[in-house]
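Enquirer: Okay, so here is final-v3.cif, and as you'll see once you scroll down, it has mmCIF, C-alpha atoms.
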data_entry
#
loop_
_atom_site.label_atom_id
_atom_site.label_comp_id
_atom_site.auth_asym_id
_atom_site.auth_seq_id
_atom_site.Cartn_x
_atom_site.Cartn_y
_atom_site.Cartn_z
CA MET A 282 -51.52 146.50 -51.23
CA ILE A 283 -54.65 147.27 -49.22
CA GLU A 284 -54.61 150.48 -47.19
CA VAL A 285 -57.37 151.10 -44.65
CA SER A 286 -57.56 154.21 -42.48
CA VAL A 287 -61.12 154.81 -41.32
CA LYS A 288 -63.19 156.11 -38.43
CA LYS A 289 -66.81 155.34 -37.63
CA LYS A 290 -69.09 155.76 -34.67
CA PHE A 291 -69.90 152.20 -33.80
CA ARG A 292 -72.52 150.54 -31.64
CA ASN A 293 -72.27 147.01 -30.35
CA VAL A 294 -74.65 145.22 -28.00
CA HIS A 295 -73.07 146.84 -24.94
CA GLN A 296 -72.18 150.45 -25.72
CA ASP A 297 -71.32 153.13 -28.26
CA PHE A 298 -67.68 153.76 -29.17
CA PHE A 299 -65.58 154.95 -32.09
CA LEU A 300 -64.02 152.47 -34.45
CA ASN A 301 -60.66 153.94 -35.41
CA VAL A 302 -58.29 151.73 -37.39
CA ASP A 303 -55.27 152.23 -39.64
CA PHE A 304 -53.55 149.23 -41.23
CA GLU A 305 -52.12 147.79 -44.45
CA VAL A 306 -52.30 144.31 -45.99
CA LYS A 307 -49.62 143.27 -48.46
CA ASN A 308 -50.44 141.56 -51.74
CA ARG A 309 -51.06 137.82 -51.25
CA GLU A 310 -50.93 138.20 -47.47
CA PHE A 311 -53.37 136.27 -45.25
CA MET A 312 -54.38 138.81 -42.58
CA PHE A 313 -56.67 138.04 -39.65
CA LEU A 314 -58.83 140.45 -37.66
CA PHE A 315 -59.09 138.96 -34.18
CA GLY A 316 -60.99 140.06 -31.10
CA GLU A 317 -64.06 139.61 -28.95
CA SER A 318 -67.56 139.85 -30.37
CA GLY A 319 -68.48 143.50 -30.89
CA ALA A 320 -64.88 144.69 -31.36
CA GLY A 321 -65.66 146.00 -34.86
CA LYS A 322 -64.17 143.20 -36.97
CA THR A 323 -67.15 142.58 -39.25
CA THR A 324 -67.81 146.31 -39.61
CA ILE A 325 -64.29 146.73 -41.00
CA LEU A 326 -64.92 144.02 -43.61
CA ARG A 327 -68.23 145.61 -44.57
CA MET A 328 -66.61 149.03 -44.97
CA ILE A 329 -63.93 147.57 -47.25
CA ALA A 330 -66.65 145.88 -49.33
CA GLY A 331 -68.71 149.07 -49.50
CA LEU A 332 -71.64 147.59 -47.55
CA GLU A 333 -71.16 150.22 -44.81
CA THR A 334 -69.76 153.73 -45.09
CA PRO A 335 -67.11 155.10 -42.71
CA ASP A 336 -67.65 158.50 -41.13
CA SER A 337 -64.25 159.56 -42.47
CA GLY A 338 -60.99 158.21 -43.82
CA MET A 339 -59.63 156.37 -46.84
CA ILE A 340 -59.62 152.87 -48.36
CA ARG A 341 -57.23 152.20 -51.25
CA VAL A 342 -56.50 148.92 -53.03
CA ASP A 343 -53.33 149.03 -55.13
CA SER A 344 -53.62 152.30 -57.06
CA GLU A 345 -57.42 152.52 -56.93
CA VAL A 346 -59.19 154.60 -54.28
CA TRP A 347 -62.38 152.89 -53.11
CA TYR A 348 -63.27 155.44 -50.45
CA ASP A 349 -61.95 158.87 -49.56
CA SER A 350 -64.10 161.15 -47.44
CA SER A 351 -62.01 164.25 -48.21
CA ARG A 352 -62.43 163.75 -51.99
CA LYS A 353 -66.01 162.45 -51.71
CA ILE A 354 -65.11 159.15 -53.37
CA ASN A 355 -67.20 156.12 -52.41
CA LEU A 356 -67.32 153.31 -54.96
CA THR A 357 -70.42 151.11 -54.89
CA PRO A 358 -69.97 147.47 -53.79
CA GLN A 359 -70.42 146.38 -57.42
CA LYS A 360 -67.39 148.44 -58.46
CA ARG A 361 -65.13 147.10 -55.72
CA LYS A 362 -63.21 143.96 -56.64
CA THR A 363 -64.07 141.97 -53.52
CA GLY A 364 -65.05 138.38 -52.89
CA PHE A 365 -67.09 138.27 -49.67
CA VAL A 366 -67.90 135.05 -47.80
CA PHE A 367 -70.65 135.68 -45.26
CA GLN A 368 -71.29 133.66 -42.10
CA ASP A 369 -74.55 132.29 -43.50
CA TYR A 370 -73.00 131.58 -46.97
CA ALA A 371 -75.75 133.66 -48.74
CA LEU A 372 -76.04 131.16 -51.60
CA PHE A 373 -78.81 131.33 -54.20
CA ASP A 374 -81.08 128.41 -53.29
CA ASN A 375 -82.74 128.31 -56.71
CA MET A 376 -79.40 127.89 -58.52
CA THR A 377 -77.16 124.87 -58.77
CA VAL A 378 -73.59 124.95 -57.51
CA ARG A 379 -72.33 125.73 -61.00
CA GLN A 380 -74.97 128.42 -61.56
CA ASN A 381 -73.98 130.12 -58.30
CA ILE A 382 -70.41 130.31 -59.57
CA GLU A 383 -71.45 131.38 -63.09
CA TYR A 384 -73.50 134.20 -61.61
CA ALA A 385 -70.44 135.47 -59.76
CA VAL A 386 -68.37 135.40 -62.96
CA HIS A 387 -70.97 137.37 -64.90
CA GLY A 388 -71.78 139.63 -61.96
CA ARG A 389 -68.10 140.59 -61.86
CA SER A 390 -68.27 141.70 -65.49
CA GLY A 391 -71.74 143.22 -65.19
CA GLN A 392 -73.36 140.81 -67.64
CA GLY A 393 -75.83 139.37 -65.18
CA LYS A 394 -77.05 135.78 -64.85
CA SER A 395 -76.41 133.57 -67.84
CA SER A 396 -76.61 129.93 -68.85
CA HIS A 397 -73.62 127.66 -69.22
CA ALA A 398 -74.14 127.68 -73.00
CA GLY A 399 -73.62 131.45 -73.08
CA LEU A 400 -70.19 131.32 -71.48
CA GLY A 401 -67.05 131.89 -73.51
CA LYS A 402 -64.30 129.27 -73.58
CA ASP A 403 -62.03 131.16 -71.16
CA LYS A 404 -64.81 131.55 -68.60
CA LYS A 405 -65.82 127.90 -68.92
CA GLU A 406 -62.22 126.88 -68.25
CA PHE A 407 -61.96 129.30 -65.33
CA ILE A 408 -65.15 127.92 -63.74
CA ALA A 409 -63.93 124.36 -64.31
CA SER A 410 -60.67 125.22 -62.54
CA ILE A 411 -62.60 126.63 -59.57
CA LEU A 412 -64.83 123.55 -59.33
CA LEU A 413 -61.74 121.34 -59.40
CA ALA A 414 -59.79 123.40 -56.86
CA THR A 415 -62.68 123.50 -54.38
CA GLY A 416 -63.64 119.82 -54.80
CA LEU A 417 -67.06 120.63 -56.25
CA GLU A 418 -66.87 118.90 -59.64
CA GLU A 419 -69.22 116.08 -58.69
CA LEU A 420 -71.64 118.48 -57.00
CA ALA A 421 -71.83 121.01 -59.85
CA PHE A 422 -75.50 120.31 -60.61
CA GLN A 423 -76.71 119.96 -57.03
CA PHE A 424 -78.76 122.64 -55.29
CA PRO A 425 -77.63 124.12 -51.94
CA CYS A 426 -80.49 122.43 -50.07
CA ASN A 427 -78.89 119.06 -50.85
CA LEU A 428 -75.45 119.98 -49.53
CA SER A 429 -73.78 119.58 -46.14
CA GLY A 430 -72.45 122.57 -44.20
CA GLY A 431 -68.90 121.93 -45.39
CA GLN A 432 -70.03 121.60 -49.01
CA MET A 433 -71.99 124.86 -48.83
CA GLN A 434 -68.89 126.50 -47.40
CA ARG A 435 -66.91 125.32 -50.43
CA VAL A 436 -69.54 126.79 -52.76
CA ALA A 437 -69.34 130.11 -50.89
CA PHE A 438 -65.54 130.10 -51.29
CA ALA A 439 -65.81 129.15 -54.98
CA ARG A 440 -68.35 131.86 -55.74
CA ALA A 441 -66.23 134.54 -54.04
CA ILE A 442 -63.09 133.38 -55.88
CA ALA A 443 -65.00 133.47 -59.18
CA ARG A 444 -65.19 137.26 -58.94
CA ARG A 445 -61.39 137.37 -59.34
CA PRO A 446 -61.20 139.60 -56.26
CA SER A 447 -58.45 142.04 -55.42
CA VAL A 448 -59.50 141.43 -51.79
CA PHE A 449 -60.90 138.15 -50.46
CA LEU A 450 -63.02 138.87 -47.35
CA LEU A 451 -64.23 136.14 -44.98
CA ASP A 452 -66.47 136.72 -41.97
CA GLU A 453 -66.22 133.89 -39.41
CA PRO A 454 -66.29 131.32 -42.25
CA PHE A 455 -65.96 128.27 -39.98
CA SER A 456 -68.38 129.23 -37.21
CA SER A 457 -71.12 126.76 -38.20
CA LEU A 458 -68.85 123.78 -38.88
CA ASP A 459 -68.04 120.89 -36.54
CA LEU A 460 -64.43 120.35 -35.48
CA ASP A 461 -63.54 117.75 -38.14
CA SER A 462 -65.06 119.82 -40.96
CA ARG A 463 -63.38 122.93 -39.59
CA ASN A 464 -59.93 121.35 -39.61
CA LYS A 465 -60.42 120.08 -43.15
CA MET A 466 -61.62 123.46 -44.38
CA HIS A 467 -58.55 125.14 -42.86
CA GLU A 468 -56.32 123.16 -45.20
CA GLU A 469 -58.59 123.55 -48.22
CA LEU A 470 -58.91 127.30 -47.80
CA LYS A 471 -55.14 127.77 -47.46
CA GLN A 472 -54.64 125.80 -50.66
CA ASN A 473 -57.32 127.81 -52.52
CA ILE A 474 -55.68 131.07 -51.44
CA ARG A 475 -52.30 129.86 -52.71
CA ASP A 476 -53.75 128.51 -55.96
CA PHE A 477 -55.50 131.77 -56.85
CA SER A 478 -52.89 134.16 -55.32
CA LEU A 479 -55.48 135.89 -53.15
CA THR A 480 -54.96 138.78 -50.76
CA THR A 481 -57.16 137.79 -47.84
CA ILE A 482 -58.67 139.32 -44.70
CA LEU A 483 -60.48 136.91 -42.37
CA VAL A 484 -62.49 137.75 -39.26
CA THR A 485 -62.42 135.31 -36.35
CA HIS A 486 -62.31 135.06 -32.57
CA ASP A 487 -60.95 131.49 -32.65
CA TYR A 488 -57.30 130.89 -31.79
CA SER A 489 -57.05 127.70 -33.86
CA ASP A 490 -58.05 129.58 -37.04
CA VAL A 491 -55.30 132.13 -36.46
CA PHE A 492 -52.45 129.77 -35.61
CA LYS A 493 -53.21 127.37 -38.45
CA MET A 494 -53.59 129.90 -41.24
CA ALA A 495 -52.63 133.53 -40.52
CA ASP A 496 -49.52 135.25 -41.88
CA ARG A 497 -50.29 138.18 -39.61
CA VAL A 498 -52.99 139.12 -37.12
CA ILE A 499 -54.52 142.43 -36.04
CA LEU A 500 -55.80 142.33 -32.46
CA LEU A 501 -58.84 144.54 -31.94
CA LYS A 502 -60.53 145.76 -28.79
CA LYS A 503 -63.50 148.15 -28.77
CA GLY A 504 -62.75 149.47 -32.21
CA GLU A 505 -59.02 150.07 -31.67
CA ILE A 506 -55.98 148.13 -32.87
CA ILE A 507 -54.08 147.14 -29.75
CA ASP A 508 -51.43 144.96 -31.40
CA THR A 509 -50.38 143.50 -34.75
CA GLY A 510 -47.84 140.88 -35.78
CA LYS A 511 -47.39 137.16 -36.30
CA PRO A 512 -49.73 134.96 -34.21
CA SER A 513 -46.87 133.65 -32.06
CA GLU A 514 -45.64 137.19 -31.36
CA ILE A 515 -49.09 138.39 -30.29
CA PHE A 516 -50.53 135.50 -28.34
CA LEU A 517 -47.47 133.89 -26.79
CA ALA A 518 -46.45 137.28 -25.44
CA GLU A 519 -49.94 137.60 -23.97
CA SER A 520 -49.65 134.13 -22.47
CA ARG A 521 -46.26 134.86 -20.86
CA GLU A 522 -47.77 137.83 -19.04
CA ASN A 523 -50.85 135.97 -17.79
CA GLN A 524 -49.35 132.47 -17.76
CA PHE A 525 -52.11 131.17 -20.01
CA VAL A 526 -55.14 132.53 -21.86
CA LEU A 527 -58.12 130.46 -22.98
CA GLN A 528 -61.15 131.10 -25.14
CA ALA A 529 -64.47 130.39 -23.42
CA GLU A 530 -68.17 130.56 -24.24
CA ILE A 531 -70.53 131.89 -21.56
CA LEU A 532 -73.23 129.28 -21.04
CA GLU A 533 -75.01 130.87 -18.10
CA ILE A 534 -74.74 133.90 -15.82
CA SER A 535 -76.05 133.73 -12.26
CA ARG A 536 -75.40 135.37 -8.91
CA ASN A 537 -75.03 134.11 -5.37
CA GLU A 538 -74.95 136.16 -2.19
CA SER A 539 -71.47 137.57 -2.79
CA ALA A 540 -70.47 137.27 -6.46
CA ASN A 541 -71.44 136.89 -10.11
CA ILE A 542 -71.06 133.32 -11.35
CA PHE A 543 -70.23 132.51 -14.97
CA THR A 544 -70.71 128.98 -16.26
CA LEU A 545 -68.16 128.59 -19.08
CA LEU A 546 -67.46 126.09 -21.83
CA ILE A 547 -63.70 125.79 -22.40
CA GLY A 548 -62.82 123.17 -24.96
CA GLY A 549 -64.96 120.23 -23.93
CA ASN A 550 -65.08 121.22 -20.26
CA VAL A 551 -67.75 123.13 -18.35
CA ILE A 552 -66.52 125.17 -15.37
CA LYS A 553 -67.86 127.86 -13.03
CA ILE A 554 -65.92 130.98 -12.08
CA SER A 555 -66.61 134.01 -9.89
CA VAL A 556 -66.24 137.39 -11.59
CA SER A 557 -66.28 140.97 -10.39
CA GLU A 558 -69.01 143.50 -11.13
CA SER A 559 -66.80 145.26 -13.69
CA GLU A 560 -65.97 141.99 -15.46
CA ALA A 561 -69.63 140.94 -15.53
CA LYS A 562 -70.95 144.28 -16.80
CA GLY A 563 -72.48 143.99 -20.26
CA ARG A 564 -71.78 140.26 -20.62
CA SER A 565 -74.45 137.84 -21.80
CA ALA A 566 -74.93 134.10 -22.33
CA GLY A 567 -73.66 132.91 -25.71
CA GLU A 568 -70.83 135.44 -25.82
CA THR A 569 -67.25 134.31 -26.41
CA ILE A 570 -64.67 135.73 -24.01
CA MET A 571 -61.01 135.24 -23.09
CA VAL A 572 -60.09 134.08 -19.58
CA ALA A 573 -56.62 134.16 -18.07
CA SER A 574 -54.99 132.53 -15.05
CA ARG A 575 -51.57 132.83 -13.47
CA THR A 576 -51.43 129.16 -12.46
CA PHE A 577 -51.36 126.22 -14.83
CA HIS A 578 -49.89 122.78 -14.07
CA PRO A 579 -50.69 120.56 -17.06
CA VAL A 580 -50.42 116.77 -16.80
CA ILE A 581 -50.80 114.52 -19.85
CA VAL A 582 -53.21 111.76 -18.86
CA GLY A 583 -53.51 109.88 -22.15
CA ARG A 584 -54.36 110.10 -25.79
CA GLU A 585 -57.88 110.79 -26.97
CA LYS A 586 -59.41 107.79 -28.71
CA SER A 587 -60.65 108.42 -32.27
#
Can you give me the file's structure in the form of structure tokens?

Expert:
Amino acid sequence: MIEVSVKKKFRNVHQDFFLNVDFEVKNREFMFLFGESGAGKTTILRMIAGLETPDSGMIRVDSEVWYDSSRKINLTPQKRKTGFVFQDYALFDNMTVRQNIEYAVHGRSGQGKSSHAGLGKDKKEFIASILLATGLEELAFQFPCNLSGGQMQRVAFARAIARRPSVFLLDEPFSSLDLDSRNKMHEELKQNIRDFSLTTILVTHDYSDVFKMADRVILLKKGEIIDTGKPSEIFLAESRENQFVLQAEILEISRNESANIFTLLIGGNVIKISVSESEAKGRSAGETIMVASRTFHPVIVGREKS
């Protein structure tokens, strides 16, 4: 069981506000933190991992307290049993795939970097099982510079799993992958989590990630939890109220004589919409937003050719 109850003054690109969250994650649960950019999702992961310190509160994993402001407990990241997958993978370029994983195994036990020859039988077998589970056996002696984006993602997963984490933390792990690679990695990650019985928290703002993988989702807005539950309970309820809600990327912001104009990418379509001053305030090109409409009359016009 992961228990998180923390507060922190938080600054995103638009404004200052207080991050104030209180939630639990059950053992072996796949929990998602979902919300717009700047909602505080990544900051929560970093506080759990010990990379940032809350202003106050408590973080407890099973019976071990990782942070408690009232008791002045704040374990270092090295003492917290986390496996963290960063957006940029953060692999060691001068190490092979296998060496990256070996380093994580030894780093977990505090022994530092070691050669394959120095590994005990149990650790060799554990590393072999990780390479097999993540499909990296044939790439074990390759360096990251020779790998594709999807392959580097697998190495990042494998290295995090190698720490035998109590909490598996993933920050937008699919953001740099194309659609086909993303869909494949969804299935592989779910299988890895089952194989290694991981309790997982994943940050995303992508609906497809949530619906394909999440057991439960926490919906965040400006540092506050506004809803939590199964994906269908959260997002279909939202859709019934607004008829439909879509994720869009702002490509361009302009203004004509009477209104602000947003050029949006929704799926594979580029559209322009007029927005009010309050809606436009603080927005910038490249940001991902949610747009809603009360009218939607879908017509199936054919099947996409592969």

Enquirer: Within 8 Å of Gln434 (chain A), counting only C-alpha atoms, which residues qualify if same-chain residues fewer than 3 places away don't, as an MDAnalysis selection string?

Expert: chainID A and resid 370 430:431 437:438 454

Enquirer: Out of A:Asn537, A:Ser462, A:Ser574, A:Thr485, which residue has the shortest atom-to-atom distance to Ser318 (chain A) when counting all atoms listed in the file?

Expert: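 For Ser318 (chain A), the nearest of the candidates is A:Thr485.
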
Enquirer: Would you pick out the contacts of Met466 (chain A) at 10 Å or less, using only C-alpha atoms, so that residues sharing its chain but fewer than 2 positions from it are not included, and give the list as a list in words?

Expert: Gly431, Gln432, Gln434, Arg435, Pro454, Phe455, Leu458, Leu460, Asp461, Ser462, Arg463, Asn464, Glu468, Glu469, Leu470, Lys471 and Gln472 of chain A

Enquirer: Write out the residues from the selection above, keeping C-alpha atoms, as a compact mmCIF listing (two decimals), in the frame of the given file.

Expert:
# COMPACT_ATOMS: atom_id res chain seq x y z
CA GLY A 431 -68.90 121.93 -45.39
CA GLN A 432 -70.03 121.60 -49.01
CA GLN A 434 -68.89 126.50 -47.40
CA ARG A 435 -66.91 125.32 -50.43
CA PRO A 454 -66.29 131.32 -42.25
CA PHE A 455 -65.96 128.27 -39.98
CA LEU A 458 -68.85 123.78 -38.88
CA LEU A 460 -64.43 120.35 -35.48
CA ASP A 461 -63.54 117.75 -38.14
CA SER A 462 -65.06 119.82 -40.96
CA ARG A 463 -63.38 122.93 -39.59
CA ASN A 464 -59.93 121.35 -39.61
CA GLU A 468 -56.32 123.16 -45.20
CA GLU A 469 -58.59 123.55 -48.22
CA LEU A 470 -58.91 127.30 -47.80
CA LYS A 471 -55.14 127.77 -47.46
CA GLN A 472 -54.64 125.80 -50.66

Enquirer: Rank A:Ile382, A:Lys405, A:Pro425, A:Ser456 by their smallest atom-to-atom distance to Ala443 (chain A), using only C-alpha atoms, and report the top residue only.

Expert: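 Counting only C-alpha atoms, the residue closest to Ala443 (chain A) is A:Ile382.
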
Enquirer: Take the PyMOL selection byres ((chain A and resi 317) around 10), apply it to the structure above, and return the hits as a tab-separated table (two decimals) with C-alpha atoms, keeping the file's coordinate frame.

Expert:
chain	number	residue	atom	x	y	z
A	315	PHE	CA	-59.09	138.96	-34.18
A	316	GLY	CA	-60.99	140.06	-31.10
A	318	SER	CA	-67.56	139.85	-30.37
A	319	GLY	CA	-68.48	143.50	-30.89
A	320	ALA	CA	-64.88	144.69	-31.36
A	321	GLY	CA	-65.66	146.00	-34.86
A	322	LYS	CA	-64.17	143.20	-36.97
A	485	THR	CA	-62.42	135.31	-36.35
A	486	HIS	CA	-62.31	135.06	-32.57
A	487	ASP	CA	-60.95	131.49	-32.65
A	500	LEU	CA	-55.80	142.33	-32.46
A	501	LEU	CA	-58.84	144.54	-31.94
A	502	LYS	CA	-60.53	145.76	-28.79
A	503	LYS	CA	-63.50	148.15	-28.77
A	528	GLN	CA	-61.15	131.10	-25.14
A	568	GLU	CA	-70.83	135.44	-25.82
A	569	THR	CA	-67.25	134.31	-26.41
A	570	ILE	CA	-64.67	135.73	-24.01
A	571	MET	CA	-61.01	135.24	-23.09

Enquirer: Take CA of Leu450 (chain A) and CA of Lys362 (chain A) and report the distance between them in Å, one decimal.

Expert: 10.6 Å

Enquirer: Determine the residue set returned by the PyMOL selection byres ((chain A and resi 340) around 9) for the present structure, and present it as a ChimeraX atom specification.

Expert: /A:283-287,328-329,338-339,341-342,345-349

Enquirer: Let me make sure I understand: among A:Ala540, A:Val306, A:Val484, A:Val572, which one has the smallest atom-to-atom distance to Gln368 (chain A) if we use all atoms listed in the file?

Expert: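 Using all atoms listed in the file, the shortest distance to Gln368 (chain A) belongs to A:Val484.
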
Enquirer: Applied to this file, what does the PyMOL selection byres ((chain A and resi 508-512) around 12) return in terms of residues, put as a PyMOL selection string?

Expert: chain A and resi 302-306+310-316+487-502+505-507+513-520

Enquirer: Using CA of Lys562 (chain A) and CA of Ser457 (chain A) as the two end points, give the distance in Å to one decimal.

Expert: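 Answer for the CA of Lys562 (chain A) to CA of Ser457 (chain A) separation: 27.7 Å.
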
Enquirer: Rank nothing, just name the residue among A:Val386, A:Ser350, A:Thr357, A:Asp297 nearest to Phe407 (chain A), using all atoms listed in the file.

Expert: A:Val386

Enquirer: Which polymer residues have any atom within 6 Å of an atom of Pro358 (chain A), counting all atoms listed in the file, with same-chain residues fewer than 3 positions away left out, as a VMD selection string?

Expert: chain A and resid 330 to 331 361

Enquirer: So which one's closest to Leu413 (chain A), A:Arg379, A:Arg309, A:Arg352, A:Arg564? Using only C-alpha atoms, please.

Expert: A:Arg379

Enquirer: Could you work out how far CA of Asp459 (chain A) lies from CA of Leu545 (chain A), giving the answer in Å with one decimal?

Expert: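 Distance between the two atoms: 19.1 Å.
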
Enquirer: Rank nothing, just name the residue among A:Asn473, A:Thr363, A:Asn355, A:Ser478 nearest to Val448 (chain A), using all atoms listed in the file.

Expert: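 Going through A:Asn473, A:Thr363, A:Asn355, A:Ser478 one by one, the smallest distance to Val448 (chain A) is for A:Thr363.
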
Enquirer: Could the centre and edge lengths of an axis-aligned box, enclosing all atoms of region 543-550 of chain A in the file with 3 Å extra on each side, be given in Å to one decimal as AutoDock Vina command-line options?

Expert:
--center_x -66.8 --center_y 126.4 --center_z -20.0 --size_x 13.9 --size_y 18.3 --size_z 16.0
